[in-house]
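Novice: My structure file data-v2.cif, mmCIF, C-alpha atoms, is below:
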```cif
data_my_file
loop_
_atom_site.label_atom_id
_atom_site.label_comp_id
_atom_site.auth_asym_id
_atom_site.auth_seq_id
_atom_site.Cartn_x
_atom_site.Cartn_y
_atom_site.Cartn_z
CA PRO A 8 51.74 112.25 113.34
CA ARG A 9 50.20 115.54 112.20
CA LEU A 10 46.51 116.38 112.24
CA LEU A 11 45.48 117.41 108.73
CA GLY A 12 41.96 118.44 109.63
CA SER A 13 38.76 117.47 111.40
CA LEU A 14 35.04 117.57 110.69
CA PRO A 15 32.57 117.79 113.60
CA LEU A 16 29.51 115.65 112.93
CA ASP A 17 26.41 117.75 113.55
CA VAL A 18 23.16 116.41 115.01
CA PRO A 19 20.18 118.78 114.83
CA ALA A 20 19.10 120.29 118.15
CA GLN A 21 15.65 118.74 117.88
CA VAL A 22 17.22 115.27 117.72
CA SER A 23 18.04 114.29 121.31
CA LEU A 24 19.30 110.80 120.53
CA GLN A 25 22.81 109.95 121.69
CA ARG A 26 25.31 108.52 119.21
CA ASP A 27 28.07 105.97 119.73
CA ALA A 28 30.02 105.76 116.47
CA GLU A 29 31.87 102.46 116.12
CA ALA A 30 32.78 102.24 112.41
CA PHE A 31 32.43 104.22 109.20
CA VAL A 32 32.59 103.96 105.40
CA LEU A 33 33.41 106.87 103.09
CA ASP A 34 31.32 107.10 99.92
CA GLY A 35 32.03 110.17 97.82
CA GLU A 36 30.64 113.18 99.67
CA GLN A 37 28.91 111.01 102.26
CA LEU A 38 29.93 109.24 105.44
CA TRP A 39 28.12 106.12 106.64
CA VAL A 40 28.45 105.42 110.38
CA ALA A 41 27.44 102.43 112.52
CA SER A 42 26.15 103.72 115.86
CA GLU A 43 26.08 101.24 118.75
CA GLY A 44 22.95 100.95 120.88
CA ARG A 45 22.09 100.57 124.56
CA ARG A 46 18.62 98.98 124.29
CA SER A 47 17.05 102.37 125.08
CA ARG A 48 15.05 105.05 123.29
CA GLU A 49 17.81 107.55 124.05
CA ARG A 50 20.57 105.52 122.43
CA PRO A 51 19.26 103.26 119.64
CA ALA A 52 21.45 101.20 117.37
CA GLN A 53 21.36 102.83 113.92
CA LEU A 54 22.99 103.33 110.55
CA LEU A 55 23.72 107.05 110.10
CA ARG A 56 24.42 109.07 106.96
CA PHE A 57 26.41 112.32 107.25
CA SER A 58 27.49 114.95 104.73
CA LEU A 59 31.24 115.29 104.31
CA ALA A 60 30.73 118.86 103.13
CA ASN A 61 29.52 120.18 106.48
CA GLY A 62 29.14 117.21 108.84
CA ALA A 63 25.34 117.46 108.87
CA LEU A 64 23.28 114.40 109.73
CA LEU A 65 21.35 113.49 106.57
CA GLN A 66 19.60 110.32 107.68
CA ALA A 67 19.20 108.01 110.67
CA ILE A 68 18.15 104.50 109.62
CA SER A 69 16.72 101.96 112.04
CA LEU A 70 18.06 98.41 112.10
CA PRO A 71 15.81 95.45 111.16
CA ALA A 72 13.25 94.25 113.69
CA ALA A 73 15.33 91.18 114.61
CA TRP A 74 18.10 93.51 115.78
CA GLN A 75 15.76 95.83 117.71
CA PRO A 76 15.34 95.53 121.50
CA ALA A 77 12.30 93.57 122.61
CA SER A 78 11.59 90.86 125.14
CA GLU A 79 14.38 88.28 124.66
CA GLN A 80 15.19 89.73 121.25
CA GLY A 81 17.64 92.06 119.59
CA LEU A 82 21.15 93.27 120.26
CA GLU A 83 22.43 93.25 123.79
CA SER A 84 23.27 96.63 125.29
CA ASN A 85 26.65 97.92 124.05
CA ALA A 86 26.96 94.90 121.74
CA GLY A 87 26.69 96.41 118.30
CA PRO A 88 26.60 97.23 115.57
CA GLU A 89 30.37 97.19 115.94
CA SER A 90 31.68 97.07 112.38
CA LEU A 91 30.80 98.56 109.00
CA ALA A 92 32.65 97.85 105.75
CA ARG A 93 32.18 98.32 102.02
CA LEU A 94 31.01 94.99 100.64
CA SER A 95 30.87 95.88 96.95
CA ARG A 96 34.12 95.52 95.03
CA SER A 97 33.56 98.62 92.91
CA LEU A 98 32.46 102.06 94.07
CA GLN A 99 29.01 101.58 92.55
CA PRO A 100 26.57 100.10 93.22
CA LEU A 101 27.30 100.63 96.90
CA GLU A 102 26.78 97.74 99.33
CA LEU A 103 27.64 97.81 103.03
CA LEU A 104 28.34 94.94 105.41
CA MET A 105 27.46 95.47 109.09
CA ALA A 106 28.40 93.17 111.96
CA ALA A 107 27.18 92.93 115.52
CA GLU A 108 29.70 92.57 118.31
CA ARG A 109 27.92 89.69 120.04
CA PRO A 110 25.08 87.30 119.24
CA LEU A 111 21.48 88.46 119.23
CA ARG A 112 19.45 87.56 122.31
CA GLN A 113 17.29 85.17 120.28
CA GLY A 114 20.20 83.68 118.36
CA PRO A 115 22.68 80.87 119.07
CA PRO A 116 25.28 82.01 121.64
CA ASP A 117 28.23 81.31 119.33
CA GLN A 118 27.01 83.10 116.18
CA VAL A 119 27.59 86.79 115.48
CA PRO A 120 25.16 88.03 112.80
CA LEU A 121 25.86 90.14 109.72
CA LEU A 122 23.66 92.53 107.73
CA ARG A 123 23.98 93.53 104.07
CA TRP A 124 22.76 97.04 103.28
CA HIS A 125 21.89 97.59 99.61
CA TRP A 126 19.82 99.78 97.33
CA PRO A 127 17.27 98.02 95.08
CA GLN A 128 17.31 98.91 91.41
CA GLY A 129 16.04 102.43 90.87
CA ARG A 130 17.04 103.64 94.36
CA ASP A 131 19.74 106.30 94.67
CA PRO A 132 22.42 105.67 97.36
CA ARG A 133 22.97 109.43 97.57
CA ARG A 134 19.35 110.09 98.52
CA ASP A 135 17.31 106.98 99.35
CA ALA A 136 17.58 104.80 102.44
CA PRO A 137 19.08 101.34 101.90
CA GLN A 138 17.42 98.03 102.68
CA ALA A 139 18.94 95.56 105.13
CA GLU A 140 19.10 91.82 104.47
CA PRO A 141 20.58 89.07 106.68
CA GLN A 142 24.04 88.00 105.51
CA GLY A 143 24.45 84.94 107.69
CA ALA A 144 26.66 84.80 110.77
CA LEU A 145 30.24 84.16 111.83
CA ARG A 146 31.06 81.35 114.24
CA ALA A 147 32.71 82.87 117.31
CA PRO A 148 35.92 81.41 118.78
CA GLU A 149 35.49 78.59 121.25
CA GLY A 150 35.29 79.22 124.97
CA GLY A 151 32.58 81.89 125.10
CA GLY A 152 32.80 85.55 125.96
CA TRP A 153 34.24 86.65 122.61
CA GLY A 154 33.16 89.77 120.74
CA LEU A 155 33.83 90.85 117.15
CA THR A 156 35.30 94.35 117.12
CA ASP A 157 36.08 94.99 113.44
CA LEU A 158 36.27 93.33 110.04
CA LEU A 159 37.70 93.87 106.58
CA VAL A 160 36.20 92.66 103.30
CA LEU A 161 38.99 91.12 101.19
CA HIS A 162 38.32 90.69 97.47
CA PRO A 163 40.42 88.24 95.42
CA ALA A 164 42.50 89.64 92.58
CA GLY A 165 40.48 87.58 90.09
CA PRO A 166 36.96 86.16 90.13
CA GLY A 167 35.74 84.64 93.34
CA ALA A 168 33.81 85.38 96.50
CA PRO A 169 35.17 87.86 99.06
CA GLN A 170 36.52 86.78 102.43
CA LEU A 171 36.25 88.49 105.80
CA LEU A 172 39.22 89.21 108.05
CA SER A 173 37.88 89.88 111.55
CA LEU A 174 39.26 91.07 114.86
CA TRP A 175 38.02 89.43 118.07
CA ARG A 176 38.55 90.17 121.76
CA ARG A 177 37.60 88.59 125.10
CA TYR A 178 37.87 90.13 128.55
CA ARG A 179 38.36 88.11 131.71
CA ASP A 180 38.80 89.40 135.26
CA PRO A 181 41.11 90.65 136.52
CA LEU A 182 42.07 92.83 133.50
CA GLN A 183 42.96 89.97 131.13
CA TRP A 184 42.50 90.19 127.38
CA ASP A 185 42.47 87.54 124.65
CA ASN A 186 42.82 88.74 121.05
CA GLN A 187 42.50 86.93 117.70
CA LEU A 188 42.39 87.57 113.98
CA ARG A 189 40.08 85.18 112.12
CA LEU A 190 39.54 84.68 108.39
CA TYR A 191 36.09 83.60 107.13
CA PRO A 192 34.34 83.06 103.81
CA LEU A 193 31.46 85.46 103.23
CA PRO A 194 28.43 83.47 104.43
CA ALA A 195 25.22 83.12 102.45
CA ALA A 196 22.07 84.75 103.80
CA ALA A 197 21.12 81.90 106.14
CA ALA A 198 24.51 80.25 106.61
CA VAL A 199 27.04 80.21 109.44
CA ALA A 200 30.64 80.72 108.32
CA GLU A 201 33.38 78.71 110.02
CA ALA A 202 36.84 80.22 110.34
CA LEU A 203 39.28 79.24 107.60
CA GLN A 204 42.28 80.34 109.67
CA HIS A 205 42.90 82.13 112.94
CA TRP A 206 45.87 83.81 114.59
CA ASP A 207 46.50 84.59 118.25
CA LEU A 208 47.78 88.16 118.49
CA HIS A 209 49.77 87.47 121.66
CA THR A 210 51.88 84.77 120.04
CA MET A 211 52.56 87.27 117.24
CA GLY A 212 54.16 89.61 119.76
CA LEU A 213 51.30 92.03 120.54
CA THR A 214 50.52 92.84 124.14
CA PRO A 215 47.12 91.80 125.51
CA GLU A 216 44.95 94.89 125.03
CA ASN A 217 41.47 95.98 124.08
CA TRP A 218 42.40 95.73 120.37
CA GLU A 219 39.34 97.21 118.70
CA GLY A 220 40.16 98.66 115.26
CA LEU A 221 41.43 96.94 112.11
CA SER A 222 42.42 98.48 108.79
CA LEU A 223 44.57 97.81 105.76
CA GLY A 224 47.90 99.62 106.05
CA PRO A 225 50.48 100.70 103.49
CA GLU A 226 52.35 98.21 101.35
CA LEU A 227 55.72 97.39 102.90
CA LEU A 228 56.92 95.98 99.58
CA PRO A 229 55.13 95.78 96.21
CA GLY A 230 52.31 93.29 96.64
CA GLN A 231 52.94 92.89 100.39
CA PRO A 232 50.22 94.68 102.36
CA SER A 233 50.24 95.44 106.05
CA LEU A 234 47.53 95.61 108.69
CA LEU A 235 46.97 98.38 111.21
CA LEU A 236 45.42 97.66 114.61
CA VAL A 237 44.41 100.15 117.29
CA SER A 238 43.51 99.54 120.93
CA ASP A 239 41.16 101.49 123.22
CA ASP A 240 42.21 102.28 126.79
CA ASN A 241 38.56 102.63 127.92
CA ARG A 242 39.71 105.71 129.90
CA ASN A 243 41.31 103.27 132.32
CA PRO A 244 44.77 104.26 133.67
CA LEU A 245 45.71 100.56 133.75
CA GLN A 246 45.12 100.20 130.00
CA THR A 247 46.87 101.68 126.99
CA SER A 248 45.91 103.05 123.59
CA ARG A 249 48.31 101.57 121.03
CA LEU A 250 48.78 101.46 117.28
CA ALA A 251 50.31 98.31 115.79
CA GLN A 252 51.36 97.38 112.27
CA LEU A 253 51.39 93.76 111.16
CA GLN A 254 53.20 92.40 108.13
CA ALA A 255 51.03 90.12 106.01
CA ARG A 256 52.86 87.09 104.65
CA ARG A 257 51.55 84.65 102.06
CA SER A 258 51.41 81.06 103.28
CA PRO A 259 51.55 78.04 100.92
CA SER A 260 47.80 77.47 101.49
CA CYS A 261 46.85 80.94 100.24
CA GLY A 262 45.40 81.16 96.77
CA LEU A 263 46.14 83.87 94.25
CA GLY A 264 44.91 87.25 95.41
CA GLN A 265 44.37 86.23 99.04
#
```
Write the structure described by the file as structure tokens, please.

Specialist:
Amino acid sequence: PRLLGSLPLDVPAQVSLQRDAEAFVLDGEQLWVASEGRRSRERPAQLLRFSLANGALLQAISLPAAWQPASEQGLESNAGPESLARLSRSLQPLELLMAAERPLRQGPPDQVPLLRWHWPQGRDPRRDAPQAEPQGALRAPEGGGWGLTDLLVLHPAGPGAPQLLSLWRRYRDPLQWDNQLRLYPLPAAAAVAEALQHWDLHTMGLTPENWEGLSLGPELLPGQPSLLLVSDDNRNPLQTSRLAQLQARRSPSCGLGQ
């Protein structure tokens, strides 16, 4: 591969907060970034807006109170937000879908919450801060210890609600990884979505790794998309950073456009 260019993201000197970018969405001349938190003033969980023209930080937006650290409340340290995706089908009006990696402290231990970021009528996505609303939760795989590392919003070719393709991982000592892809319906604001289908990545031929990134890849044939997965070696010499491409095949149970 060849590097075509890079853009350093600039944080003003007077802003001492540390950033931990986990996911991003491009929107015209802007870049939206989900920054993971550590339950500390120095590293809060936030939604960040950057300029693609010069990399300048334009806005740092706090997460809702339920996601903020407090006694027995909020995101766990290093547990999100882990994913950010464009929820709206068209470019405008912009809507974003954010996912935690693990359940909130005050929430059920098998439910990973989602947030929908949107701009009320009259607000400008290029200038005004968005509002966050709960978008339900995804039921985690059985067995405990699972974390959601990335998700894609899949829109049907015709009318219909979007679905969410999500990547999950679980670590168990000594240096053992479990990895799954899971397909969900988009839950309503107060609902918990159950998986429609799930796939074990190891039985598909992938090595057990810290698979952390998920993206749509190029079409292998007309109408036959692929998926790209990337793993993180955690700066551990016993782990590996890999890039994998999966071929998506239509099963008899899939509807048109899925």

Novice: Can you tell me which residues surround Glu226 of chain A at a distance of at most 12 Å, considering all atoms listed in the file, apart from same-chain residues fewer than 2 positions away, and format the answer as an MDAnalysis selection string?

Specialist: chainID A and resid 223:224 228:235 252:256

Novice: Using all atoms listed in the file, find each residue of segment 144-217 of chain A with at least one atom at most 10 Å away from an atom of segment 79-87 of chain A; report its shortest atom-to-atom pair and that distance in Å (one decimal), sort the rows by chain and rising residue number, and return the result as a tab-separated table.

Specialist:
```
residue	atom	partner	partner_atom	distance
A:Gly154	CA	A:Ala86	CA	8.1
A:Leu155	CA	A:Gly87	CA	9.1
A:Thr156	CA	A:Gly87	CA	8.9
```

Novice: Would you mind telling me which residue in A:Leu171, A:Val40, A:Leu16, A:Arg176 lies nearest to Leu190 of chain A when using only C-alpha atoms?

Specialist: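 That would be A:Leu171, the residue with the smallest distance to Leu190 of chain A.
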
Novice: Just the number, please: distance in Å from atom CA of Arg189 of chain A to atom CA of Trp126 of chain A, one decimal.

Specialist: 29.0 Å

Novice: For atom CA of Leu158 of chain A and atom CA of Asn61 of chain A, determine how far apart the two atoms are, in Å to one decimal place.

Specialist: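 Those two atoms sit 27.9 Å apart.
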
Novice: Enter the distance from atom CA of Leu159 of chain A to atom CA of Leu172 of chain A, in Å, rounded to one decimal.

Specialist: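 Result for atom CA of Leu159 of chain A versus atom CA of Leu172 of chain A: 5.1 Å, one decimal.
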
Novice: What lies within 7 Å of Ala28 of chain A using all atoms listed in the file, ignoring chain neighbours under 5 positions off, as a PyMOL selection string?

Specialist: chain A and resi 40-43

Novice: Using all atoms listed in the file, find each residue of segment 166-227 of chain A with at least one atom at most 9 Å away from an atom of segment 128-142 of chain A; report its shortest atom-to-atom pair and that distance in Å (one decimal), sort the rows by chain and rising residue number, and return the result as CSV.

Specialist:
```
residue,atom,partner,partner_atom,distance
A:Leu193,CA,A:Gln142,CA,8.2
A:Pro194,CA,A:Gln142,CA,6.4
A:Ala195,CA,A:Gln142,CA,5.9
A:Ala196,CA,A:Gln142,CA,4.2
A:Ala197,CA,A:Gln142,CA,6.8
A:Ala198,CA,A:Gln142,CA,7.8
```

Novice: Using the chain letters and residue numbers of this document, give as a VMD selection string the residues selected by the PyMOL selection byres ((chain A and resi 239) around 10).

Specialist: chain A and resid 216 to 220 237 to 238 240 to 243 246 to 250

Novice: Taking all atoms listed in the file into account, name the residue in A:Arg123, A:His205, A:Arg45, A:Arg177 that is nearest to Ser95 of chain A.

Specialist: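 Nearest candidate to Ser95 of chain A out of A:Arg123, A:His205, A:Arg45, A:Arg177: A:Arg123.
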
Novice: Which polymer residues have any atom within 9 Å of an atom of Leu70 of chain A, counting all atoms listed in the file, with same-chain residues fewer than 6 positions away left out, as a list in words?

Specialist: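 Contacts, with the query itself left out: Ala52, Gln53, Leu54 and Ala139 of chain A.
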
Novice: If you count only C-alpha atoms, which residues fall within 10 Å of Leu33 of chain A, apart from same-chain ones fewer than 6 positions away, as a list in words?

Specialist: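 In the requested form, the answer reads Trp39, Val40, Phe57, Leu59, Ala92 and Arg93 of chain A.
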
Novice: With only C-alpha atoms as the atoms that count, which of A:Ser222, A:Gln170, A:Thr210, A:Gln183 lies nearest to Arg96 of chain A?

Specialist: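 Of A:Ser222, A:Gln170, A:Thr210, A:Gln183, the one nearest Arg96 of chain A, counting only C-alpha atoms, is A:Gln170.
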
Novice: So which residues get picked by the PyMOL selection byres ((chain A and resi 162) around 10) here, written as an mmCIF file with C-alpha atoms, in the coordinates of the input?

Specialist:
```
data_model
loop_
_atom_site.group_PDB
_atom_site.id
_atom_site.type_symbol
_atom_site.label_atom_id
_atom_site.label_comp_id
_atom_site.auth_asym_id
_atom_site.auth_seq_id
_atom_site.Cartn_x
_atom_site.Cartn_y
_atom_site.Cartn_z
ATOM 1 C CA LEU A 94 31.010 94.990 100.640
ATOM 2 C CA SER A 95 30.870 95.880 96.950
ATOM 3 C CA ARG A 96 34.120 95.520 95.030
ATOM 4 C CA LEU A 159 37.700 93.870 106.580
ATOM 5 C CA VAL A 160 36.200 92.660 103.300
ATOM 6 C CA LEU A 161 38.990 91.120 101.190
ATOM 7 C CA PRO A 163 40.420 88.240 95.420
ATOM 8 C CA ALA A 164 42.500 89.640 92.580
ATOM 9 C CA GLY A 165 40.480 87.580 90.090
ATOM 10 C CA PRO A 166 36.960 86.160 90.130
ATOM 11 C CA GLY A 167 35.740 84.640 93.340
ATOM 12 C CA ALA A 168 33.810 85.380 96.500
ATOM 13 C CA PRO A 169 35.170 87.860 99.060
ATOM 14 C CA GLN A 170 36.520 86.780 102.430
ATOM 15 C CA LEU A 171 36.250 88.490 105.800
ATOM 16 C CA GLY A 264 44.910 87.250 95.410
ATOM 17 C CA GLN A 265 44.370 86.230 99.040
#
```

Novice: Identify which of the residues A:Thr214, A:Ser69, A:Gln75, A:Gln204 lies closest to Ser47 of chain A, counting all atoms listed in the file when measuring atom-to-atom distances.

Specialist: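 Going through A:Thr214, A:Ser69, A:Gln75, A:Gln204 one by one, the smallest distance to Ser47 of chain A is for A:Gln75.
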
Novice: Which residue gives the smallest distance to Pro215 of chain A among A:Ser78, A:Arg179, A:Gly151, A:Glu201, with all atoms listed in the file counted?

Specialist: A:Arg179

Novice: Might you spell out which residues the PyMOL selection byres ((chain A and resi 145) around 6) would select in the displayed file, as a PDB file with C-alpha atoms, in the frame of the given file?

Specialist:
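Resulting contents of selection05.pdb:
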```
ATOM      1  CA  GLN A 118      27.010  83.100 116.180  1.00  0.00           C
ATOM      2  CA  VAL A 119      27.590  86.790 115.480  1.00  0.00           C
ATOM      3  CA  ALA A 144      26.660  84.800 110.770  1.00  0.00           C
ATOM      4  CA  ARG A 146      31.060  81.350 114.240  1.00  0.00           C
ATOM      5  CA  VAL A 199      27.040  80.210 109.440  1.00  0.00           C
ATOM      6  CA  ALA A 200      30.640  80.720 108.320  1.00  0.00           C
TER       7      ALA A 200
END
```

Novice: For each of A:His209, A:Arg46, A:His125, A:Arg56, take the minimum atom-to-atom distance to Gln187 of chain A, counting only C-alpha atoms, then give the residue where this is smallest.

Specialist: A:His209
